[in-house]
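Just target_34.csv here, CSV, N, CA and C atoms:
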```
chain,number,residue,atom,x,y,z
C,338,PRO,N,0.0,-15.0,-4.8
C,338,PRO,CA,0.5,-13.7,-4.2
C,338,PRO,C,1.9,-13.9,-3.6
C,339,ARG,N,2.5,-12.8,-3.5
C,339,ARG,CA,3.9,-12.8,-2.9
C,339,ARG,C,3.9,-13.1,-1.5
C,340,PRO,N,4.9,-13.7,-0.9
C,340,PRO,CA,4.9,-14.1,0.5
C,340,PRO,C,4.9,-12.8,1.4
C,341,LEU,N,4.4,-13.0,2.6
C,341,LEU,CA,4.4,-11.9,3.5
C,341,LEU,C,5.8,-11.5,3.9
C,342,PRO,N,6.1,-10.2,4.0
C,342,PRO,CA,7.5,-9.8,4.5
C,342,PRO,C,7.6,-10.2,6.0
C,343,PRO,N,8.8,-10.3,6.5
C,343,PRO,CA,8.9,-10.5,7.9
C,343,PRO,C,8.2,-9.5,8.8
C,344,ALA,N,7.6,-9.9,9.8
C,344,ALA,CA,6.9,-9.1,10.8
C,344,ALA,C,5.6,-8.5,10.3
C,345,THR,N,5.1,-9.0,9.1
C,345,THR,CA,3.8,-8.6,8.6
C,345,THR,C,2.8,-9.6,9.0
C,346,HIS,N,1.7,-9.0,9.6
C,346,HIS,CA,0.7,-9.9,10.2
C,346,HIS,C,-0.7,-9.8,9.4
C,347,ARG,N,-0.9,-8.8,8.7
C,347,ARG,CA,-2.1,-8.6,7.9
C,347,ARG,C,-1.9,-8.0,6.6
C,348,ARG,N,-2.7,-8.5,5.6
C,348,ARG,CA,-2.6,-7.9,4.3
C,348,ARG,C,-4.0,-7.8,3.7
C,349,CYS,N,-4.2,-6.7,3.0
C,349,CYS,CA,-5.5,-6.5,2.3
C,349,CYS,C,-5.1,-6.0,0.9
C,350,ALA,N,-5.5,-6.7,-0.1
C,350,ALA,CA,-5.2,-6.4,-1.5
C,350,ALA,C,-6.5,-6.3,-2.3
C,351,THR,N,-6.6,-5.3,-3.1
C,351,THR,CA,-7.7,-5.2,-4.1
C,351,THR,C,-7.2,-4.8,-5.4
C,352,ALA,N,-8.0,-5.1,-6.5
C,352,ALA,CA,-7.6,-4.7,-7.8
C,352,ALA,C,-8.9,-4.5,-8.6
C,353,SER,N,-8.9,-3.5,-9.5
C,353,SER,CA,-10.1,-3.2,-10.3
C,353,SER,C,-9.6,-2.9,-11.7
C,354,PRO,N,-10.5,-3.2,-12.7
C,354,PRO,CA,-10.1,-2.9,-14.1
C,354,PRO,C,-9.9,-1.4,-14.3
C,355,GLY,N,-9.0,-1.1,-15.2
C,355,GLY,CA,-8.8,0.3,-15.5
C,355,GLY,C,-7.5,0.9,-14.9
C,356,ASN,N,-7.3,2.2,-15.3
C,356,ASN,CA,-6.1,2.9,-14.9
C,356,ASN,C,-6.6,4.1,-14.1
C,357,GLN,N,-6.8,3.9,-12.8
C,357,GLN,CA,-7.3,4.9,-11.9
C,357,GLN,C,-6.6,4.9,-10.6
C,358,PRO,N,-5.2,5.0,-10.6
C,358,PRO,CA,-4.5,4.8,-9.3
C,358,PRO,C,-4.7,6.0,-8.4
C,359,HIS,N,-4.8,7.2,-8.9
C,359,HIS,CA,-5.0,8.4,-8.0
C,359,HIS,C,-6.3,8.3,-7.3
C,360,GLN,N,-7.3,7.9,-7.9
C,360,GLN,CA,-8.6,7.7,-7.2
C,360,GLN,C,-8.5,6.6,-6.1
C,361,ALA,N,-7.7,5.6,-6.4
C,361,ALA,CA,-7.6,4.5,-5.4
C,361,ALA,C,-6.7,4.9,-4.2
C,362,ALA,N,-5.7,5.8,-4.5
C,362,ALA,CA,-4.8,6.2,-3.4
C,362,ALA,C,-5.4,7.1,-2.4
C,363,THR,N,-6.3,7.9,-2.9
C,363,THR,CA,-6.9,9.0,-2.0
C,363,THR,C,-7.6,8.4,-0.7
C,364,PRO,N,-8.5,7.4,-0.8
C,364,PRO,CA,-9.1,7.0,0.4
C,364,PRO,C,-8.1,6.3,1.4
C,365,ALA,N,-7.1,5.7,0.9
C,365,ALA,CA,-6.1,5.0,1.8
C,365,ALA,C,-5.3,6.1,2.6
C,366,VAL,N,-4.9,7.1,1.9
C,366,VAL,CA,-4.1,8.2,2.5
C,366,VAL,C,-5.0,9.0,3.5
C,367,GLU,N,-6.3,9.2,3.1
C,367,GLU,CA,-7.2,9.9,4.0
C,367,GLU,C,-7.4,9.1,5.3
C,368,ALA,N,-7.5,7.8,5.1
C,368,ALA,CA,-7.8,7.0,6.3
C,368,ALA,C,-6.6,7.0,7.3
C,369,LEU,N,-5.4,7.0,6.8
C,369,LEU,CA,-4.2,7.1,7.6
C,369,LEU,C,-4.2,8.5,8.3
C,370,ASN,N,-4.5,9.5,7.6
C,370,ASN,CA,-4.5,10.9,8.1
C,370,ASN,C,-5.6,11.0,9.2
C,371,LYS,N,-6.7,10.5,8.9
C,371,LYS,CA,-7.9,10.6,9.8
C,371,LYS,C,-7.6,9.9,11.1
C,372,ALA,N,-6.8,8.8,11.0
C,372,ALA,CA,-6.4,8.1,12.2
C,372,ALA,C,-5.3,8.8,13.0
C,373,GLY,N,-4.8,9.9,12.5
C,373,GLY,CA,-3.8,10.6,13.2
C,373,GLY,C,-2.4,10.2,12.8
C,374,ASN,N,-2.3,9.3,11.8
C,374,ASN,CA,-1.0,8.8,11.3
C,374,ASN,C,-0.5,9.7,10.2
C,375,ILE,N,0.0,10.9,10.5
C,375,ILE,CA,0.3,11.8,9.5
C,375,ILE,C,1.8,11.9,9.2
C,376,THR,N,2.6,11.3,10.1
C,376,THR,CA,4.1,11.4,10.0
C,376,THR,C,4.6,10.2,9.2
C,377,PRO,N,5.1,10.4,8.0
C,377,PRO,CA,5.7,9.3,7.2
C,377,PRO,C,6.8,8.7,8.0
C,378,THR,N,7.0,7.4,7.8
C,378,THR,CA,8.1,6.7,8.3
C,378,THR,C,8.8,6.0,7.2
C,379,PRO,N,10.1,5.7,7.3
C,379,PRO,CA,10.8,5.0,6.2
C,379,PRO,C,10.2,3.6,5.9
C,380,ARG,N,10.1,3.3,4.6
C,380,ARG,CA,9.6,2.0,4.2
C,380,ARG,C,10.7,0.9,4.5
C,381,PRO,N,10.3,-0.2,5.0
C,381,PRO,CA,11.3,-1.3,5.1
C,381,PRO,C,11.9,-1.7,3.8
C,382,ALA,N,13.1,-2.2,3.8
C,382,ALA,CA,13.8,-2.5,2.5
C,382,ALA,C,13.1,-3.5,1.7
C,383,SER,N,12.2,-4.4,2.3
C,383,SER,CA,11.5,-5.4,1.6
C,383,SER,C,10.4,-4.9,0.7
C,384,TYR,N,10.1,-3.6,0.8
C,384,TYR,CA,9.0,-3.0,0.0
C,384,TYR,C,9.6,-2.2,-1.1
C,385,THR,N,9.3,-2.5,-2.3
C,385,THR,CA,9.9,-1.8,-3.5
C,385,THR,C,8.7,-1.2,-4.3
C,386,GLU,N,9.0,-0.1,-4.9
C,386,GLU,CA,8.1,0.5,-5.9
C,386,GLU,C,8.2,-0.2,-7.2
C,387,THR,N,7.2,0.0,-8.0
C,387,THR,CA,7.2,-0.5,-9.4
C,387,THR,C,7.2,0.7,-10.3
C,388,ASP,N,7.4,0.4,-11.6
C,388,ASP,CA,7.4,1.6,-12.6
C,388,ASP,C,6.1,2.3,-12.6
C,389,THR,N,5.0,1.6,-12.2
C,389,THR,CA,3.7,2.2,-12.3
C,389,THR,C,3.1,2.6,-10.9
C,390,THR,N,4.0,2.7,-9.9
C,390,THR,CA,3.5,3.1,-8.5
C,390,THR,C,3.1,4.5,-8.5
C,391,THR,N,1.9,4.7,-8.0
C,391,THR,CA,1.4,6.1,-7.8
C,391,THR,C,1.6,6.6,-6.4
C,392,ARG,N,1.4,5.7,-5.4
C,392,ARG,CA,1.5,6.1,-4.0
C,392,ARG,C,2.1,4.9,-3.3
C,393,HIS,N,3.2,5.1,-2.5
C,393,HIS,CA,3.8,4.1,-1.7
C,393,HIS,C,4.2,4.8,-0.4
C,394,ALA,N,3.4,4.6,0.6
C,394,ALA,CA,3.6,5.4,1.9
C,394,ALA,C,3.7,4.4,3.1
C,395,ALA,N,4.3,4.8,4.1
C,395,ALA,CA,4.4,4.1,5.3
C,395,ALA,C,4.1,5.0,6.5
C,396,ARG,N,3.4,4.5,7.4
C,396,ARG,CA,3.0,5.3,8.6
C,396,ARG,C,3.3,4.4,9.9
C,397,LYS,N,3.8,4.9,10.9
C,397,LYS,CA,4.1,4.2,12.1
C,397,LYS,C,2.7,4.2,12.9
C,398,LEU,N,2.2,3.0,13.2
C,398,LEU,CA,1.0,2.8,13.9
C,398,LEU,C,1.2,2.9,15.4
C,399,ASN,N,2.3,2.2,15.8
C,399,ASN,CA,2.7,2.2,17.2
C,399,ASN,C,4.2,1.8,17.2
C,400,PRO,N,4.9,1.8,18.3
C,400,PRO,CA,6.3,1.5,18.3
C,400,PRO,C,6.7,0.2,17.6
C,401,ARG,N,5.8,-0.7,17.5
C,401,ARG,CA,6.2,-2.0,16.9
C,401,ARG,C,5.5,-2.3,15.6
C,402,ARG,N,4.6,-1.4,15.1
C,402,ARG,CA,3.8,-1.7,13.9
C,402,ARG,C,3.8,-0.6,12.9
C,403,THR,N,4.0,-0.9,11.7
C,403,THR,CA,4.0,0.1,10.6
C,403,THR,C,3.0,-0.4,9.5
C,404,ALA,N,2.3,0.5,9.0
C,404,ALA,CA,1.4,0.2,7.9
C,404,ALA,C,2.0,0.7,6.6
C,405,GLN,N,2.0,-0.2,5.6
C,405,GLN,CA,2.5,0.1,4.2
C,405,GLN,C,1.3,0.2,3.3
C,406,VAL,N,1.2,1.2,2.5
C,406,VAL,CA,0.2,1.4,1.4
C,406,VAL,C,0.9,1.5,0.1
C,407,HIS,N,0.5,0.6,-0.8
C,407,HIS,CA,1.1,0.6,-2.2
C,407,HIS,C,0.0,0.6,-3.2
C,408,VAL,N,-0.1,1.7,-4.0
C,408,VAL,CA,-1.1,1.8,-5.0
C,408,VAL,C,-0.5,2.1,-6.3
C,409,GLY,N,-1.0,1.4,-7.4
C,409,GLY,CA,-0.4,1.6,-8.7
C,409,GLY,C,-1.2,0.9,-9.7
C,410,THR,N,-0.6,0.7,-10.9
C,410,THR,CA,-1.3,-0.1,-11.9
C,410,THR,C,-0.4,-1.2,-12.4
C,411,ARG,N,-1.0,-2.2,-13.0
C,411,ARG,CA,-0.3,-3.4,-13.5
C,411,ARG,C,-1.1,-4.0,-14.6
C,412,LYS,N,-0.4,-4.9,-15.3
C,412,LYS,CA,-1.1,-5.6,-16.4
C,412,LYS,C,-2.0,-6.7,-15.8
C,413,GLY,N,-3.3,-6.6,-16.1
C,413,GLY,CA,-4.3,-7.5,-15.6
C,413,GLY,C,-4.7,-8.5,-16.7
C,414,PRO,N,-5.5,-9.5,-16.4
C,414,PRO,CA,-5.9,-10.5,-17.4
C,414,PRO,C,-6.7,-9.9,-18.6
C,415,HIS,N,-7.3,-8.7,-18.4
C,415,HIS,CA,-8.1,-8.1,-19.5
C,415,HIS,C,-7.7,-6.7,-19.8
C,416,GLY,N,-6.4,-6.4,-19.5
C,416,GLY,CA,-5.9,-5.0,-19.8
C,416,GLY,C,-5.3,-4.4,-18.5
C,417,PRO,N,-5.1,-3.1,-18.4
C,417,PRO,CA,-4.6,-2.5,-17.2
C,417,PRO,C,-5.5,-2.6,-16.0
C,418,GLU,N,-5.0,-2.8,-14.8
C,418,GLU,CA,-5.8,-2.8,-13.6
C,418,GLU,C,-5.1,-1.9,-12.6
C,419,THR,N,-5.9,-1.4,-11.7
C,419,THR,CA,-5.4,-0.6,-10.6
C,419,THR,C,-5.4,-1.5,-9.4
C,420,PHE,N,-4.3,-1.5,-8.6
C,420,PHE,CA,-4.2,-2.3,-7.4
C,420,PHE,C,-3.9,-1.4,-6.2
C,421,LYS,N,-4.4,-1.9,-5.0
C,421,LYS,CA,-4.1,-1.3,-3.8
C,421,LYS,C,-3.7,-2.4,-2.8
C,422,LEU,N,-2.6,-2.3,-2.2
C,422,LEU,CA,-2.0,-3.3,-1.2
C,422,LEU,C,-1.8,-2.6,0.1
C,423,VAL,N,-2.3,-3.1,1.2
C,423,VAL,CA,-2.1,-2.5,2.5
C,423,VAL,C,-1.6,-3.7,3.4
C,424,GLU,N,-0.4,-3.5,4.0
C,424,GLU,CA,0.1,-4.5,4.9
C,424,GLU,C,0.5,-3.8,6.2
C,425,ARG,N,0.4,-4.6,7.3
C,425,ARG,CA,0.9,-4.1,8.6
C,425,ARG,C,1.4,-5.3,9.4
```

As structure tokens:
Amino acid sequence: PRPLPPATHRRCATASPGNQPHQAATPAVEALNKAGNITPTPRPASYTETDTTTRHAARKLNPRRTAQVHVGTRKGPHGPETFKLVER
């Protein structure tokens, strides 16, 4: 896995076979909205989208903490896979 960006304390990453990034992005965005984090914030420069990014969002959790959600597809060991990465 890639190294944690500066000031990142937690990471959760999942991947599943297939090309279903929109279905994977929906629960992550709904969870941020349900928690009251509806105002997007700029993504730090260390976060970059890929050609297959479906959703890449940032929400300010508190004055010192930002959550990054990155959902997309990539080449997996058995064909395309959908990934979801959440860091804060």

Quick one: everything within 5 Å of Arg396 of chain C, counting all atoms listed in the file, minus sequence neighbours fewer than 4 positions away in the same chain. Send it as a compact mmCIF listing (two decimals) with N, CA and C atoms, in the frame of the given file.
```
# COMPACT_ATOMS: atom_id res chain seq x y z
N THR C 378 7.00 7.40 7.80
CA THR C 378 8.10 6.70 8.30
C THR C 378 8.80 6.00 7.20
N THR C 403 4.00 -0.90 11.70
CA THR C 403 4.00 0.10 10.60
C THR C 403 3.00 -0.40 9.50
N ALA C 404 2.30 0.50 9.00
CA ALA C 404 1.40 0.20 7.90
C ALA C 404 2.00 0.70 6.60
```

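Here atom CA of His415 of chain C and atom CA of Thr351 of chain C stand 15.7 Å from one another.
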
key: Nearest residue to Gly409 of chain C from the set C:Ala368, C:Thr390, C:Val423, C:Leu341 (distances using only N, CA and C atoms)   = C:Thr390

key: Interatomic distance (Å, one decimal) between atom N of Ala350 of chain C and atom C of Arg425 of chain C   = 11.8 Å

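Going from atom C of Thr345 of chain C to atom N of Thr410 of chain C covers 22.7 Å.
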
key: chain C: residues DSSP assigns to strand (DSSP E or B), reported as a PyMOL selection string   = chain C and resi 348-354+377+390-399+402-413+416-424

ask   = Nearest to Glu386 of chain C among C:Arg347, C:Arg401, C:His407, C:Lys412, with distances taken over only C-alpha atoms: which residue is it?
value = C:His407

ask   = Taking (6.8, 8.5, 6.6) in the file's coordinates, which residues come within 7 Å, counting all atoms listed in the file, written as a list in words?
value = Ile375, Thr376, Pro377, Thr378, Pro379, Arg380, Ala394, Ala395, Arg396 and Lys397 of chain C

query = Which is closest to Asn370 of chain C among C:Leu398, C:Cys349, C:Thr385, C:Thr391, if we use only C-alpha atoms?
reply = C:Leu398

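Residues within 6 Å of Asn356 of chain C, counting only N, CA and C atoms and excluding same-chain residues fewer than 4 positions away, are Pro417, Glu418 and Thr419 of chain C.
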
request  = Determine which residues of chain C DSSP labels as helix (DSSP H, G or I) from the backbone of this structure, then write them out as JSON, numbers by chain.
outcome  = {"C": [358, 359, 360, 361, 362, 363, 364, 365, 366, 367, 368, 369, 370, 371]}
